[in-house]
>>> print(open('structure.csv').read())   # CSV, C-alpha atoms (C1' of nucleotides) and all ligand atoms
chain,number,residue,atom,x,y,z
U,1,MET,CA,24.8,-5.6,22.7
U,2,GLU,CA,22.5,-7.5,25.0
U,3,THR,CA,19.6,-9.6,23.8
U,4,PRO,CA,16.3,-9.0,25.5
U,5,VAL,CA,14.3,-11.9,24.3
U,6,PHE,CA,10.6,-11.7,24.8
U,7,THR,CA,9.5,-14.6,27.0
U,8,PRO,CA,5.9,-15.9,26.7
U,9,ASP,CA,5.4,-14.4,30.1
U,10,ALA,CA,6.4,-10.9,28.8
U,11,LEU,CA,3.6,-11.3,26.3
U,12,VAL,CA,1.1,-12.2,28.9
U,13,LYS,CA,2.1,-9.2,31.0
U,14,ARG,CA,1.9,-6.8,28.1
U,15,LEU,CA,-1.5,-8.1,27.2
U,16,THR,CA,-3.0,-8.0,30.7
U,17,ASP,CA,-1.5,-4.6,31.3
U,18,SER,CA,-3.5,-3.4,28.3
U,19,GLY,CA,-6.6,-5.0,29.6
U,20,LEU,CA,-6.4,-7.7,26.9
U,21,ARG,CA,-6.6,-11.4,27.4
U,22,PRO,CA,-3.6,-13.8,26.8
U,23,THR,CA,-5.3,-16.3,24.5
U,24,PRO,CA,-3.7,-19.4,23.0
U,25,GLN,CA,-4.1,-17.8,19.6
U,26,ARG,CA,-2.3,-14.7,20.6
U,27,GLU,CA,0.4,-16.7,22.2
U,28,VAL,CA,1.0,-19.0,19.2
U,29,VAL,CA,1.0,-16.1,16.7
U,30,PHE,CA,3.5,-14.3,18.8
U,31,LYS,CA,5.7,-17.3,19.3
U,32,VAL,CA,5.7,-18.1,15.6
U,33,ILE,CA,6.6,-14.6,14.5
U,34,VAL,CA,9.4,-14.3,17.0
U,35,GLU,CA,11.0,-17.6,16.5
U,36,LYS,CA,11.8,-17.0,12.8
U,37,ARG,CA,12.9,-13.4,12.6
U,38,ASP,CA,12.0,-12.6,9.1
U,39,HIS,CA,9.2,-10.4,7.8
U,40,PRO,CA,6.3,-12.6,7.0
U,41,THR,CA,2.9,-11.6,5.6
U,42,ALA,CA,-0.3,-12.4,7.3
U,43,ASP,CA,-0.8,-15.3,4.9
U,44,GLU,CA,2.6,-16.8,5.6
U,45,LEU,CA,2.1,-16.5,9.3
U,46,PHE,CA,-1.3,-18.1,8.9
U,47,ALA,CA,0.3,-21.1,7.2
U,48,ARG,CA,3.0,-21.4,9.9
U,49,VAL,CA,0.5,-21.0,12.7
U,50,LYS,CA,-1.9,-23.6,11.3
U,51,ALA,CA,0.8,-26.2,11.6
U,52,GLN,CA,0.6,-25.8,15.4
U,53,MET,CA,-3.0,-24.8,15.7
U,54,PRO,CA,-4.9,-26.2,12.8
U,55,THR,CA,-8.2,-24.6,13.8
U,56,ILE,CA,-7.1,-21.0,13.8
U,57,SER,CA,-8.6,-18.7,11.2
U,58,LEU,CA,-7.0,-16.1,9.0
U,59,ALA,CA,-9.3,-13.5,10.6
U,60,THR,CA,-7.8,-14.4,14.0
U,61,VAL,CA,-4.3,-14.1,12.7
U,62,TYR,CA,-5.2,-10.6,11.5
U,63,ASN,CA,-6.8,-9.8,14.8
U,64,CYS,CA,-3.8,-11.1,16.8
U,65,LEU,CA,-1.4,-9.2,14.7
U,66,GLU,CA,-3.4,-6.0,15.2
U,67,THR,CA,-3.3,-6.6,18.9
U,68,LEU,CA,0.4,-7.3,18.9
U,69,VAL,CA,1.1,-4.1,16.9
U,70,GLN,CA,-1.0,-2.1,19.4
U,71,CYS,CA,0.9,-3.5,22.3
U,72,GLY,CA,4.1,-2.6,20.6
U,73,LEU,CA,5.4,-6.1,20.3
U,74,VAL,CA,5.4,-6.3,16.5
U,75,ARG,CA,5.9,-3.7,13.8
U,76,GLN,CA,4.0,-3.4,10.6
U,77,VAL,CA,6.0,-2.8,7.4
U,78,ASN,CA,4.7,-1.8,4.1
U,79,PHE,CA,6.4,-1.6,0.8
U,80,GLU,CA,4.4,0.1,-1.9
U,81,ARG,CA,1.1,-1.8,-2.1
U,82,ALA,CA,2.5,-5.2,-1.4
U,83,PRO,CA,0.9,-7.2,1.4
U,84,THR,CA,1.7,-5.9,4.8
U,85,ARG,CA,4.7,-7.6,6.5
U,86,TYR,CA,5.2,-8.0,10.2
U,87,CYS,CA,8.5,-7.4,11.9
U,88,PRO,CA,9.5,-8.7,15.4
U,89,ASN,CA,12.6,-6.5,15.6
U,90,LEU,CA,11.7,-3.7,18.0
U,91,CYS,CA,15.0,-1.8,17.8
U,92,GLN,CA,14.7,1.2,15.6
U,93,HIS,CA,15.8,0.1,12.2
U,94,ALA,CA,15.4,0.7,8.5
U,95,HIS,CA,14.4,-1.9,5.8
U,96,PHE,CA,16.0,-2.9,2.6
U,97,ARG,CA,14.0,-4.7,0.1
U,98,ASP,CA,15.8,-7.0,-2.3
U,99,GLU,CA,14.2,-6.5,-5.7
U,100,ALA,CA,15.2,-9.9,-6.8
U,101,THR,CA,13.7,-11.9,-4.0
U,102,GLY,CA,11.2,-9.5,-2.5
U,103,GLU,CA,12.7,-10.2,0.9
U,104,LEU,CA,13.1,-7.5,3.5
U,105,HIS,CA,16.4,-7.1,5.5
U,106,ASP,CA,16.8,-5.1,8.6
U,107,ILE,CA,19.3,-2.2,8.5
U,108,ASP,CA,20.7,-0.7,11.6
U,109,LEU,CA,19.7,2.8,12.2
U,110,PRO,CA,21.8,4.5,14.9
U,111,PRO,CA,20.1,7.1,17.1
U,112,ASP,CA,22.3,9.9,16.0
U,113,MET,CA,21.1,9.4,12.4
U,114,ILE,CA,17.5,9.5,13.6
U,115,ALA,CA,18.2,12.8,15.3
U,116,ARG,CA,19.7,14.1,12.1
U,117,LEU,CA,16.7,13.1,10.1
U,118,ARG,CA,14.5,14.8,12.6
U,119,GLU,CA,16.4,18.0,12.0
U,120,LEU,CA,15.2,18.0,8.3
U,121,LEU,CA,11.8,19.0,9.5
U,122,PRO,CA,11.0,22.7,9.4
U,123,PRO,CA,9.6,24.3,12.5
U,124,GLY,CA,6.0,23.3,13.1
U,125,PHE,CA,6.4,19.8,12.0
U,126,ASN,CA,6.4,17.3,14.8
U,127,ALA,CA,7.2,13.7,13.8
U,128,THR,CA,6.0,10.8,16.0
U,129,ASP,CA,7.4,8.3,13.6
U,130,ILE,CA,10.1,8.1,11.0
U,131,GLU,CA,10.4,5.4,8.4
U,132,LEU,CA,13.3,4.8,6.2
U,133,SER,CA,13.4,2.2,3.4
U,134,PHE,CA,15.8,1.1,0.7
U,135,ARG,CA,15.1,-0.8,-2.4
U,136,GLY,CA,17.8,-2.5,-4.5
U,137,GLN,CA,20.0,-5.5,-4.9
U,138,ALA,CA,21.6,-7.5,-2.2
U,139,ALA,CA,24.6,-9.6,-2.9
U,140,PRO,CA,23.6,-13.2,-2.2
U,141,GLY,CA,25.9,-13.7,0.7
U,142,ALA,CA,25.4,-10.3,2.3
U,143,VAL,CA,25.0,-10.6,6.1
U,144,PRO,CA,21.8,-8.9,7.2
U,145,VAL,CA,22.4,-6.9,10.3
U,146,SER,CA,23.4,-6.7,14.0
U,147,HIS,CA,20.3,-8.8,14.7
U,148,GLY,CA,19.7,-7.6,18.2
U,149,THR,CA,16.9,-9.8,19.3
U,150,ASN,CA,15.0,-6.7,20.6
T,1,MET,CA,17.4,27.5,-6.8
T,2,GLU,CA,16.0,27.6,-10.4
T,3,THR,CA,12.6,26.4,-11.3
T,4,PRO,CA,12.6,24.1,-14.3
T,5,VAL,CA,8.9,24.0,-15.1
T,6,PHE,CA,7.7,21.3,-17.4
T,7,THR,CA,6.0,22.7,-20.4
T,8,PRO,CA,3.5,20.7,-22.3
T,9,ASP,CA,6.1,20.3,-25.0
T,10,ALA,CA,8.5,18.7,-22.6
T,11,LEU,CA,5.9,16.1,-21.9
T,12,VAL,CA,5.4,15.4,-25.6
T,13,LYS,CA,9.2,15.0,-26.0
T,14,ARG,CA,9.5,12.6,-23.0
T,15,LEU,CA,6.7,10.5,-24.4
T,16,THR,CA,7.8,10.3,-27.9
T,17,ASP,CA,11.4,9.7,-26.8
T,18,SER,CA,10.0,6.6,-25.0
T,19,GLY,CA,8.1,5.5,-28.1
T,20,LEU,CA,4.8,6.5,-26.5
T,21,ARG,CA,2.1,8.7,-28.0
T,22,PRO,CA,1.2,12.0,-26.6
T,23,THR,CA,-2.5,11.6,-26.3
T,24,PRO,CA,-5.0,14.3,-25.0
T,25,GLN,CA,-5.6,12.1,-22.0
T,26,ARG,CA,-2.0,11.9,-21.0
T,27,GLU,CA,-1.6,15.6,-21.5
T,28,VAL,CA,-4.6,16.6,-19.4
T,29,VAL,CA,-3.7,14.2,-16.6
T,30,PHE,CA,-0.2,15.6,-16.5
T,31,LYS,CA,-1.4,19.2,-16.7
T,32,VAL,CA,-3.8,18.7,-13.8
T,33,ILE,CA,-1.3,17.0,-11.6
T,34,VAL,CA,1.3,19.6,-12.2
T,35,GLU,CA,-0.9,22.7,-11.8
T,36,LYS,CA,-1.9,21.9,-8.2
T,37,ARG,CA,1.2,20.6,-6.6
T,38,ASP,CA,-0.3,18.4,-3.9
T,39,HIS,CA,-0.4,14.7,-3.7
T,40,PRO,CA,-3.7,13.5,-5.0
T,41,THR,CA,-5.0,10.0,-5.3
T,42,ALA,CA,-6.1,8.5,-8.6
T,43,ASP,CA,-9.7,9.1,-7.6
T,44,GLU,CA,-9.0,12.8,-6.8
T,45,LEU,CA,-7.2,13.2,-10.1
T,46,PHE,CA,-10.0,11.5,-11.9
T,47,ALA,CA,-12.5,14.0,-10.5
T,48,ARG,CA,-10.3,17.0,-11.4
T,49,VAL,CA,-9.6,15.7,-14.9
T,50,LYS,CA,-13.2,14.9,-15.6
T,51,ALA,CA,-14.0,18.6,-15.2
T,52,GLN,CA,-11.9,19.2,-18.3
T,53,MET,CA,-12.5,16.0,-20.2
T,54,PRO,CA,-15.8,14.5,-19.0
T,55,THR,CA,-15.4,11.4,-21.1
T,56,ILE,CA,-12.2,10.1,-19.6
T,57,SER,CA,-12.3,6.9,-17.6
T,58,LEU,CA,-10.8,6.0,-14.3
T,59,ALA,CA,-8.9,3.2,-16.0
T,60,THR,CA,-7.3,5.7,-18.3
T,61,VAL,CA,-6.3,7.9,-15.4
T,62,TYR,CA,-4.5,4.9,-13.9
T,63,ASN,CA,-3.0,4.1,-17.3
T,64,CYS,CA,-1.8,7.7,-17.8
T,65,LEU,CA,-0.4,7.8,-14.3
T,66,GLU,CA,1.5,4.6,-14.8
T,67,THR,CA,2.9,6.0,-18.0
T,68,LEU,CA,3.9,9.3,-16.3
T,69,VAL,CA,5.6,7.4,-13.6
T,70,GLN,CA,7.5,5.2,-16.1
T,71,CYS,CA,8.7,8.4,-17.9
T,72,GLY,CA,9.9,9.8,-14.6
T,73,LEU,CA,7.6,12.8,-14.7
T,74,VAL,CA,5.6,11.8,-11.6
T,75,ARG,CA,6.4,10.0,-8.4
T,76,GLN,CA,4.2,7.4,-6.7
T,77,VAL,CA,3.9,7.8,-2.9
T,78,ASN,CA,2.5,5.2,-0.6
T,79,PHE,CA,1.8,5.5,3.1
T,80,GLU,CA,0.8,2.3,4.8
T,81,ARG,CA,-2.0,0.8,2.8
T,82,ALA,CA,-3.7,4.1,2.0
T,83,PRO,CA,-4.5,4.7,-1.7
T,84,THR,CA,-1.5,5.6,-3.7
T,85,ARG,CA,-0.7,9.2,-4.1
T,86,TYR,CA,1.0,10.9,-7.0
T,87,CYS,CA,3.7,13.6,-6.6
T,88,PRO,CA,4.8,16.0,-9.3
T,89,ASN,CA,7.8,17.2,-7.3
T,90,LEU,CA,10.8,15.5,-9.0
T,91,CYS,CA,13.5,16.9,-6.7
T,92,GLN,CA,14.6,14.2,-4.2
T,93,HIS,CA,12.5,14.8,-1.1
T,94,ALA,CA,10.9,13.1,1.9
T,95,HIS,CA,7.3,13.2,2.9
T,96,PHE,CA,5.5,14.2,6.0
T,97,ARG,CA,2.1,12.9,6.6
T,98,ASP,CA,-0.1,15.1,8.9
T,99,GLU,CA,-2.0,12.6,11.0
T,100,ALA,CA,-4.8,15.1,11.5
T,101,THR,CA,-5.6,15.8,7.9
T,102,GLY,CA,-4.0,12.9,6.1
T,103,GLU,CA,-2.3,15.4,3.8
T,104,LEU,CA,1.3,14.9,2.6
T,105,HIS,CA,3.9,17.6,2.7
T,106,ASP,CA,7.2,17.7,0.9
T,107,ILE,CA,10.3,17.8,3.0
T,108,ASP,CA,13.6,18.9,1.6
T,109,LEU,CA,16.2,16.1,1.5
T,110,PRO,CA,19.7,17.5,0.8
T,111,PRO,CA,22.1,15.3,-1.2
T,112,ASP,CA,24.6,15.0,1.6
T,113,MET,CA,21.9,13.5,3.8
T,114,ILE,CA,21.1,11.0,1.1
T,115,ALA,CA,24.8,10.1,0.9
T,116,ARG,CA,24.8,9.6,4.7
T,117,LEU,CA,21.8,7.4,4.5
T,118,ARG,CA,23.4,5.3,1.9
T,119,GLU,CA,26.4,4.7,4.2
T,120,LEU,CA,24.1,2.9,6.6
T,121,LEU,CA,24.0,0.0,4.2
T,122,PRO,CA,26.4,-2.9,4.9
T,123,PRO,CA,28.6,-4.0,2.1
T,124,GLY,CA,26.8,-6.0,-0.5
T,125,PHE,CA,23.6,-3.9,-0.3
T,126,ASN,CA,23.2,-1.7,-3.3
T,127,ALA,CA,20.2,0.7,-3.1
T,128,THR,CA,18.7,2.1,-6.2
T,129,ASP,CA,16.1,3.9,-4.3
T,130,ILE,CA,15.7,5.5,-0.8
T,131,GLU,CA,12.5,6.5,0.7
T,132,LEU,CA,12.1,8.6,3.9
T,133,SER,CA,8.8,9.4,5.4
T,134,PHE,CA,7.6,11.1,8.6
T,135,ARG,CA,4.3,10.9,10.3
T,136,GLY,CA,3.1,13.3,12.9
T,137,GLN,CA,1.4,16.6,13.5
T,138,ALA,CA,2.0,19.8,11.5
T,139,ALA,CA,1.2,23.1,13.1
T,140,PRO,CA,-1.6,24.7,11.0
T,141,GLY,CA,0.4,27.6,9.6
T,142,ALA,CA,3.6,25.6,9.0
T,143,VAL,CA,5.1,26.5,5.6
T,144,PRO,CA,5.6,23.3,3.5
T,145,VAL,CA,9.0,23.4,1.8
T,146,SER,CA,11.4,25.0,-0.7
T,147,HIS,CA,8.9,24.1,-3.4
T,148,GLY,CA,11.3,23.9,-6.3
T,149,THR,CA,8.8,23.5,-9.2
T,150,ASN,CA,11.2,21.0,-10.8
N,1,DA,C1',-26.4,-22.0,36.8
N,2,DG,C1',-26.7,-17.4,34.7
N,3,DC,C1',-24.5,-12.9,33.3
N,4,DT,C1',-21.0,-10.1,31.2
N,5,DT,C1',-17.4,-9.1,28.4
N,6,DG,C1',-13.9,-10.2,25.3
N,7,DT,C1',-12.4,-13.4,21.6
N,8,DT,C1',-12.7,-16.4,17.7
N,9,DT,C1',-14.6,-18.0,13.5
N,10,DA,C1',-16.5,-18.5,8.7
N,11,DG,C1',-17.8,-16.1,5.3
N,12,DA,C1',-19.5,-11.9,3.2
N,13,DA,C1',-18.2,-7.3,2.1
N,14,DC,C1',-15.0,-3.8,0.9
N,15,DT,C1',-12.0,-1.2,-2.1
N,16,DA,C1',-8.0,0.2,-4.6
N,17,DT,C1',-6.1,-1.5,-8.5
N,18,DT,C1',-5.6,-4.4,-12.5
N,19,DC,C1',-7.4,-7.0,-16.3
N,20,DT,C1',-10.3,-8.0,-20.5
N,21,DA,C1',-11.9,-7.4,-24.7
N,22,DA,C1',-14.1,-4.3,-27.7
N,23,DT,C1',-13.7,0.2,-29.8
N,24,DT,C1',-11.3,4.2,-31.1
N,25,DC,C1',-7.3,6.8,-32.1
N,26,DT,C1',-2.6,7.9,-33.9
N,27,DC,C1',0.7,8.2,-37.2
N,28,DA,C1',3.9,6.4,-40.6
N,29,DC,C1',3.4,5.2,-45.2
N,30,DT,C1',1.5,5.3,-49.3
F,1,DA,C1',-5.9,12.6,-48.3
F,2,DG,C1',-6.6,7.5,-47.4
F,3,DT,C1',-5.1,3.0,-45.2
F,4,DG,C1',-3.5,-0.1,-42.1
F,5,DA,C1',-1.0,-1.6,-38.0
F,6,DG,C1',-0.3,-1.0,-33.6
F,7,DA,C1',-1.2,1.8,-29.5
F,8,DA,C1',-4.5,3.7,-26.4
F,9,DT,C1',-9.0,4.3,-24.3
F,10,DT,C1',-13.1,2.6,-22.3
F,11,DA,C1',-16.7,0.2,-19.4
F,12,DG,C1',-17.1,-3.2,-16.7
F,13,DA,C1',-15.5,-7.6,-14.6
F,14,DA,C1',-12.1,-9.6,-11.9
F,15,DT,C1',-8.6,-9.7,-8.3
F,16,DA,C1',-6.7,-9.7,-3.7
F,17,DG,C1',-5.5,-8.1,0.8
F,18,DT,C1',-7.9,-6.7,4.5
F,19,DT,C1',-11.9,-5.6,7.4
F,20,DC,C1',-16.5,-6.4,8.8
F,21,DT,C1',-20.5,-9.1,10.6
F,22,DA,C1',-22.9,-11.9,13.4
F,23,DA,C1',-23.0,-16.1,15.6
F,24,DA,C1',-20.6,-19.3,18.7
F,25,DC,C1',-17.2,-19.7,22.4
F,26,DA,C1',-14.4,-18.8,26.6
F,27,DA,C1',-13.5,-17.1,31.1
F,28,DG,C1',-14.4,-14.7,35.3
F,29,DC,C1',-18.0,-13.2,38.6
F,30,DT,C1',-22.3,-13.4,41.4
O,201,MN,MN,0.2,-12.7,1.7
O,202,MN,MN,-8.8,7.2,-4.0
O,203,ZN,ZN,12.4,-5.3,10.4
O,204,ZN,ZN,6.1,14.9,-2.8
>>> encode(input="structure.csv", output="structure tokens", more="lines below")
Ligand SMILES: [Mn+2]
Ligand SMILES: [Mn+2]
Ligand SMILES: [Zn+2]
Ligand SMILES: [Zn+2]
Amino acid sequence: METPVFTPDALVKRLTDSGLRPTPQREVVFKVIVEKRDHPTADELFARVKAQMPTISLATVYNCLETLVQCGLVRQVNFERAPTRYCPNLCQHAHFRDEATGELHDIDLPPDMIARLRELLPPGFNATDIELSFRGQAAPGAVPVSHGTN
Amino acid sequence: METPVFTPDALVKRLTDSGLRPTPQREVVFKVIVEKRDHPTADELFARVKAQMPTISLATVYNCLETLVQCGLVRQVNFERAPTRYCPNLCQHAHFRDEATGELHDIDLPPDMIARLRELLPPGFNATDIELSFRGQAAPGAVPVSHGTN
DNA sequence: AGCTTGTTTAGAACTATTCTAATTCTCACT
DNA sequence: AGTGAGAATTAGAATAGTTCTAAACAAGCT
């Protein structure tokens, strides 16, 4: 399983291709979300980013995240009404939320399973997006997932 | 497929079994959510319930819904950060959100598929809950689902 | 330099939901 | 039937994540 890491240059290309500008803020937000592959909230990202760019504002973090989501470089993940989390893993995958810690874990979701899920839909229903999420307990030492870095 | 409809008596039993009181507010909220089997928000339910009990408050609707969810008589359904919706269909099922209208449709989710989904979890992950949701377009005339009335 | 357009920023606004504290109700027990 | 204790309801305030606003800033172009 290869590991197509996003270089900073790839970000610049994706942005300019969409008619958007590669600003320092967008670059640092992207760098910070990619380098620690968890599922931080906007607040958590704000804190991490401020360490490198103390003048950035929370509004900008939200703006950058929205841009990154639109460019398809980051996924938004919601669990009930908890604060939105952001996921840099672009492979199709499901999420498992550990009830004890609140943390999200990536769960591999093979293409054939996605196909089977799609078959659940009656004729006339056309899904552009499928979301699968688990909630429960994870044994402390349980290894997360294949961890393909996109 | 039989159709186990919840009578008002069943609600009373479920409540008293849990040490809760069967109040007129709880009964009317339950009646209103069951009689039109869609996926209303708290606001929408509040409007419907007020027609029958003009003095009820929104806080009470929220309180009653929380109670009904705890008793397992109603499911909570979230889509991204949109207002929580409430679902009276207790059979295991997935949801399809029509992007055009914002409406939710129930999608049958057979037990064997649930079992297969569970197999996606690596050892050490124990799911108490699985949630599957689709987003896309539904052809106007598409028939919703098996519609087992619980 | 001036213009244009996109971006950032601080803070206000928004909104679904929860909390508070006072009142009312329910029901088991006389 | 009447009381009392605890449960539930209510109006309105508070909360909190997110979005909006409007002013300042940046970069490219003429
Ligand atoms: Mn947060
Ligand atoms: Mn609503
Ligand atoms: Zn993820
Ligand atoms: Zn449903």
>>> atom_distance(input="structure.csv", atom1="atom CA of T:Glu99", atom2="atom CA of U:Asp129")
10.7 Å
>>> closest_atom_pairs(input="structure.csv", of="chain N", to="chain U", cutoff="12 Å", atoms="all atoms listed in the file", output="tab-separated table")
residue	atom	partner	partner_atom	distance
N:DT5	C1'	U:Arg21	CA	11.1
N:DG6	C1'	U:Arg21	CA	7.7
N:DT7	C1'	U:Thr23	CA	8.2
N:DT8	C1'	U:Thr60	CA	6.5
N:DT9	C1'	U:Ser57	CA	6.5
N:DA10	C1'	U:Ser57	CA	8.3
N:DG11	C1'	U:Ala59	CA	10.3
N:DA16	C1'	U:Arg81	CA	9.6
N:DT17	C1'	U:Arg81	CA	9.6
>>> atom_distance(input="structure.csv", atom1="atom CA of U:Met53", atom2="atom CA of U:Val29")
9.6 Å
>>> atom_distance(input="structure.csv", atom1="atom CA of T:Asp98", atom2="atom CA of T:Leu132")
14.7 Å
>>> residues_around(input="structure.csv", residues="N:DA28", least_positions_apart="3", cutoff="12 Å", atoms="only C-alpha atoms (C1' of nucleotides)", output="MDAnalysis selection string")
chainID F and resid 3:6
>>> residues_around(input="structure.csv", residues="U:Phe6", least_positions_apart="4", cutoff="12 Å", atoms="all atoms listed in the file", output="list in words")
Ala10, Leu11, Val12, Lys13, Arg14, Glu27, Phe30, Lys31, Ile33, Val34, Glu35, Gly72, Leu73, Val74, Pro88, Asn89, Leu90, Gly148, Thr149 and Asn150 of chain U
>>> write_last_selection(input="structure.csv", atoms="C-alpha atoms", output="PDB file, in the frame of the given file")
ATOM      1  CA  ALA U  10       6.400 -10.900  28.800  1.00  0.00           C
ATOM      2  CA  LEU U  11       3.600 -11.300  26.300  1.00  0.00           C
ATOM      3  CA  VAL U  12       1.100 -12.200  28.900  1.00  0.00           C
ATOM      4  CA  LYS U  13       2.100  -9.200  31.000  1.00  0.00           C
ATOM      5  CA  ARG U  14       1.900  -6.800  28.100  1.00  0.00           C
ATOM      6  CA  GLU U  27       0.400 -16.700  22.200  1.00  0.00           C
ATOM      7  CA  PHE U  30       3.500 -14.300  18.800  1.00  0.00           C
ATOM      8  CA  LYS U  31       5.700 -17.300  19.300  1.00  0.00           C
ATOM      9  CA  ILE U  33       6.600 -14.600  14.500  1.00  0.00           C
ATOM     10  CA  VAL U  34       9.400 -14.300  17.000  1.00  0.00           C
ATOM     11  CA  GLU U  35      11.000 -17.600  16.500  1.00  0.00           C
ATOM     12  CA  GLY U  72       4.100  -2.600  20.600  1.00  0.00           C
ATOM     13  CA  LEU U  73       5.400  -6.100  20.300  1.00  0.00           C
ATOM     14  CA  VAL U  74       5.400  -6.300  16.500  1.00  0.00           C
ATOM     15  CA  PRO U  88       9.500  -8.700  15.400  1.00  0.00           C
ATOM     16  CA  ASN U  89      12.600  -6.500  15.600  1.00  0.00           C
ATOM     17  CA  LEU U  90      11.700  -3.700  18.000  1.00  0.00           C
ATOM     18  CA  GLY U 148      19.700  -7.600  18.200  1.00  0.00           C
ATOM     19  CA  THR U 149      16.900  -9.800  19.300  1.00  0.00           C
ATOM     20  CA  ASN U 150      15.000  -6.700  20.600  1.00  0.00           C
TER      21      ASN U 150
END
>>> residues_near_ligand(input="structure.csv", ligand="ligand MN 201 (chain O)", cutoff="10 Å", atoms="only C-alpha atoms (C1' of nucleotides) and all ligand atoms", output="list in words")
Pro40, Thr41, Ala42, Asp43, Glu44, Leu45, Phe46, Ala82, Pro83, Thr84 and Arg85 of chain U; DA16 and DG17 of chain F
>>> closest_atom_pairs(input="structure.csv", of="chain F", to="chain T", cutoff="8 Å", atoms="all atoms listed in the file", output="CSV")
residue,atom,partner,partner_atom,distance
F:DA7,C1',T:Arg21,CA,7.8
F:DT9,C1',T:Thr60,CA,6.4
F:DT10,C1',T:Ser57,CA,6.4
>>> interface_residues(input="structure.csv", of="chain T", to="chain U", cutoff="9 Å", atoms="all atoms listed in the file", output="short mmCIF file (atom, residue, chain, number, x, y, z; two decimals) with C-alpha atoms, in the coordinates of the input")
data_model
loop_
_atom_site.label_atom_id
_atom_site.label_comp_id
_atom_site.auth_asym_id
_atom_site.auth_seq_id
_atom_site.Cartn_x
_atom_site.Cartn_y
_atom_site.Cartn_z
CA GLN T 76 4.20 7.40 -6.70
CA VAL T 77 3.90 7.80 -2.90
CA ASN T 78 2.50 5.20 -0.60
CA PHE T 79 1.80 5.50 3.10
CA GLU T 80 0.80 2.30 4.80
CA ARG T 81 -2.00 0.80 2.80
CA ALA T 82 -3.70 4.10 2.00
CA PRO T 83 -4.50 4.70 -1.70
CA THR T 84 -1.50 5.60 -3.70
CA PHE T 96 5.50 14.20 6.00
CA ARG T 97 2.10 12.90 6.60
CA ASP T 98 -0.10 15.10 8.90
CA ILE T 107 10.30 17.80 3.00
CA ASP T 108 13.60 18.90 1.60
CA LEU T 109 16.20 16.10 1.50
CA PRO T 110 19.70 17.50 0.80
CA MET T 113 21.90 13.50 3.80
CA ARG T 116 24.80 9.60 4.70
CA LEU T 117 21.80 7.40 4.50
CA ARG T 118 23.40 5.30 1.90
CA LEU T 120 24.10 2.90 6.60
CA LEU T 121 24.00 0.00 4.20
CA PRO T 122 26.40 -2.90 4.90
CA PRO T 123 28.60 -4.00 2.10
CA GLY T 124 26.80 -6.00 -0.50
CA PHE T 125 23.60 -3.90 -0.30
CA ASN T 126 23.20 -1.70 -3.30
CA ALA T 127 20.20 0.70 -3.10
CA THR T 128 18.70 2.10 -6.20
CA ASP T 129 16.10 3.90 -4.30
CA ILE T 130 15.70 5.50 -0.80
CA GLU T 131 12.50 6.50 0.70
CA LEU T 132 12.10 8.60 3.90
CA SER T 133 8.80 9.40 5.40
CA PHE T 134 7.60 11.10 8.60
CA ARG T 135 4.30 10.90 10.30
CA GLY T 136 3.10 13.30 12.90
CA GLN T 137 1.40 16.60 13.50
CA ALA T 138 2.00 19.80 11.50
CA ALA T 139 1.20 23.10 13.10
CA PRO T 140 -1.60 24.70 11.00
CA GLY T 141 0.40 27.60 9.60
CA ALA T 142 3.60 25.60 9.00
CA VAL T 143 5.10 26.50 5.60
CA PRO T 144 5.60 23.30 3.50
CA VAL T 145 9.00 23.40 1.80
#
